[in-house]
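Participant: Pasting a structure here, questions to come.
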Amino acid sequence: MNDDSPERLHGDVVVTGQSRRIRSVRIVYAWLAAIYCLCVIVQVFLAGMGLFVSSNSWQWHRTFANSFELVSVVMFALSFAGRIRGVLRWFPLGLFALTVLQHMTLQLFSGVLPALHTVNALLLFWMSLVLMKNTLKWTVNSK
């Protein structure tokens with residue numbers, strides 16, 4: 001694809017003469033989406049380690065989440081530089097809100113509400129998977 005050919009984005013937007021900067025930002029965004037999804041999978045694995053293997057592994061689960069929780073904020077900021085619109089712009093903010101909810105379910109809620117922590121993890125995985133699925137094409141067609 002050359003710079004003069006149109007490229008269909010997610011949604012109804014068509015961009016012509018897409019600059020290298022925009023393509024580069026989209027590639028970074030796509031990789032961050034994939035990394036975020038992978039981190040959610042690792043986070044669930046670490047929870048399983050803490051539950052089924054050794055309770056010492058819970059510390060890994062607690063601290064690992066902090067290492068990627070701001071990736072979604074970076075993705076949201078990149079969506080402006082990469083002219084990313086629609087769901088792909090707003091899902092990262094949803095991921096951030098769900099991440100905040102993850103912390104709240106354990107620190108502020110009582111009774112049965114902390115059980116939402118596991119359901120919320122499913123939502124985090126689903127949203128990150130949707131982002132990854134819809135953006136990885138940018139890494140393949142990055143000529």
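Lettering and numbering for the structure tokens are positional, with chains as A, B, ... in the shown order, residues counted from 1 in each chain, and ligands counted from 1 in the shown order.
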Need the shell around segment 116-129 of chain A: protein/DNA/RNA residues with any atom at most 8 Å away, counting only C-alpha atoms. Skip same-chain ones fewer than 6 positions apart. Format as a list in words?

Facilitator: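 Here the answer would be Ala33, Ala34, Tyr36, Cys37, Val40, Ile41, Val44, Phe91, Leu95, Leu98, Thr99, Leu101, Gln102, Thr105 and Leu106 of chain A.
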
Participant: How about saving the chosen residues, C-alpha atoms kept, as an mmCIF file, in the first residue's frame?

Facilitator:
data_model
loop_
_atom_site.group_PDB
_atom_site.id
_atom_site.type_symbol
_atom_site.label_atom_id
_atom_site.label_comp_id
_atom_site.auth_asym_id
_atom_site.auth_seq_id
_atom_site.Cartn_x
_atom_site.Cartn_y
_atom_site.Cartn_z
ATOM 1 C CA ALA A 33 -3.024 -3.838 22.742
ATOM 2 C CA ALA A 34 -1.366 -7.234 22.256
ATOM 3 C CA TYR A 36 -2.043 -5.684 27.428
ATOM 4 C CA CYS A 37 -3.982 -8.801 26.428
ATOM 5 C CA VAL A 40 -4.130 -10.076 31.460
ATOM 6 C CA ILE A 41 -3.470 -13.738 30.613
ATOM 7 C CA VAL A 44 -4.822 -14.828 35.536
ATOM 8 C CA PHE A 91 -11.967 0.872 24.764
ATOM 9 C CA LEU A 95 -9.874 -0.924 30.284
ATOM 10 C CA LEU A 98 -12.134 -1.756 34.762
ATOM 11 C CA THR A 99 -8.596 -1.773 36.161
ATOM 12 C CA LEU A 101 -12.646 -1.362 39.538
ATOM 13 C CA GLN A 102 -10.292 -4.346 40.015
ATOM 14 C CA THR A 105 -13.310 -4.813 44.418
ATOM 15 C CA LEU A 106 -10.561 -5.897 46.776
#

Participant: Run DSSP on the backbone and give me the residues of chain A it puts in helix (DSSP H, G or I), as an MDAnalysis selection string.

Facilitator: chainID A and resid 20:53 55:68 71:81 87:107 113:140

Participant: Name all residues at most 8 Å from segment 61-74 of chain A (count only C-alpha atoms; drop same-chain ones fewer than 6 positions away) and give them as a PyMOL selection string.

Facilitator: chain A and resi 32+36+39+43+46-47+50+92-93+95-96+99

Participant: Once you have the residues from the selection above, write them out as a tab-separated table (two decimals), in the first residue's frame, restricted to N, CA and C atoms.

Facilitator:
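Written file, selection-v3.tsv:
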chain	number	residue	atom	x	y	z
A	32	LEU	N	0.83	-2.45	21.83
A	32	LEU	CA	0.41	-2.24	23.22
A	32	LEU	C	-0.88	-3.01	23.53
A	36	TYR	N	-1.05	-5.77	26.35
A	36	TYR	CA	-2.04	-5.68	27.43
A	36	TYR	C	-2.82	-6.99	27.55
A	39	CYS	N	-0.67	-9.55	29.10
A	39	CYS	CA	-0.52	-9.28	30.54
A	39	CYS	C	-1.73	-9.74	31.33
A	43	GLN	N	-1.62	-12.39	34.25
A	43	GLN	CA	-2.20	-12.05	35.55
A	43	GLN	C	-3.13	-13.16	36.05
A	46	LEU	N	-0.98	-16.03	37.18
A	46	LEU	CA	-0.40	-15.78	38.50
A	46	LEU	C	-1.43	-15.98	39.62
A	47	ALA	N	-2.68	-15.62	39.35
A	47	ALA	CA	-3.74	-15.87	40.33
A	47	ALA	C	-3.91	-17.37	40.53
A	50	GLY	N	-1.16	-18.66	42.69
A	50	GLY	CA	-1.40	-18.35	44.09
A	50	GLY	C	-2.47	-19.23	44.71
A	92	PRO	N	-9.70	1.65	25.41
A	92	PRO	CA	-8.63	1.77	26.41
A	92	PRO	C	-9.07	2.49	27.68
A	93	LEU	N	-9.95	3.48	27.56
A	93	LEU	CA	-10.48	4.12	28.77
A	93	LEU	C	-11.35	3.16	29.55
A	95	LEU	N	-10.84	-0.05	29.61
A	95	LEU	CA	-9.87	-0.92	30.28
A	95	LEU	C	-9.34	-0.27	31.55
A	96	PHE	N	-9.05	1.01	31.47
A	96	PHE	CA	-8.54	1.70	32.65
A	96	PHE	C	-9.60	1.73	33.76
A	99	THR	N	-9.77	-1.55	35.33
A	99	THR	CA	-8.60	-1.77	36.16
A	99	THR	C	-8.78	-1.09	37.52

Participant: Nearest to Ser79 of chain A: which of A:Ile27, A:Val100, A:Val42, A:Met49 is it, counting only C-alpha atoms?

Facilitator: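 Closest to Ser79 of chain A of all the choices is A:Ile27.
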
Participant: Between A:Met75, A:Ala97, A:Phe52, A:Phe45, which one has atoms that come closest to Thr135 of chain A, using only C-alpha atoms?

Facilitator: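 So, comparing all the options, the nearest one is A:Met75.
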
Participant: Ranking A:Thr139, A:Asn134, A:Ser54, A:Gln59 by minimum distance to Val28 of chain A and counting only C-alpha atoms, which one comes first?

Facilitator: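 Selected residue with least distance to Val28 of chain A: A:Thr139.
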
Participant: For Lys133 of chain A, which of A:Val87, A:Ala30, A:Ile22, A:Ala81 is the closest residue, counting only C-alpha atoms?

Facilitator: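 Nearest candidate to Lys133 of chain A out of A:Val87, A:Ala30, A:Ile22, A:Ala81: A:Ala30.
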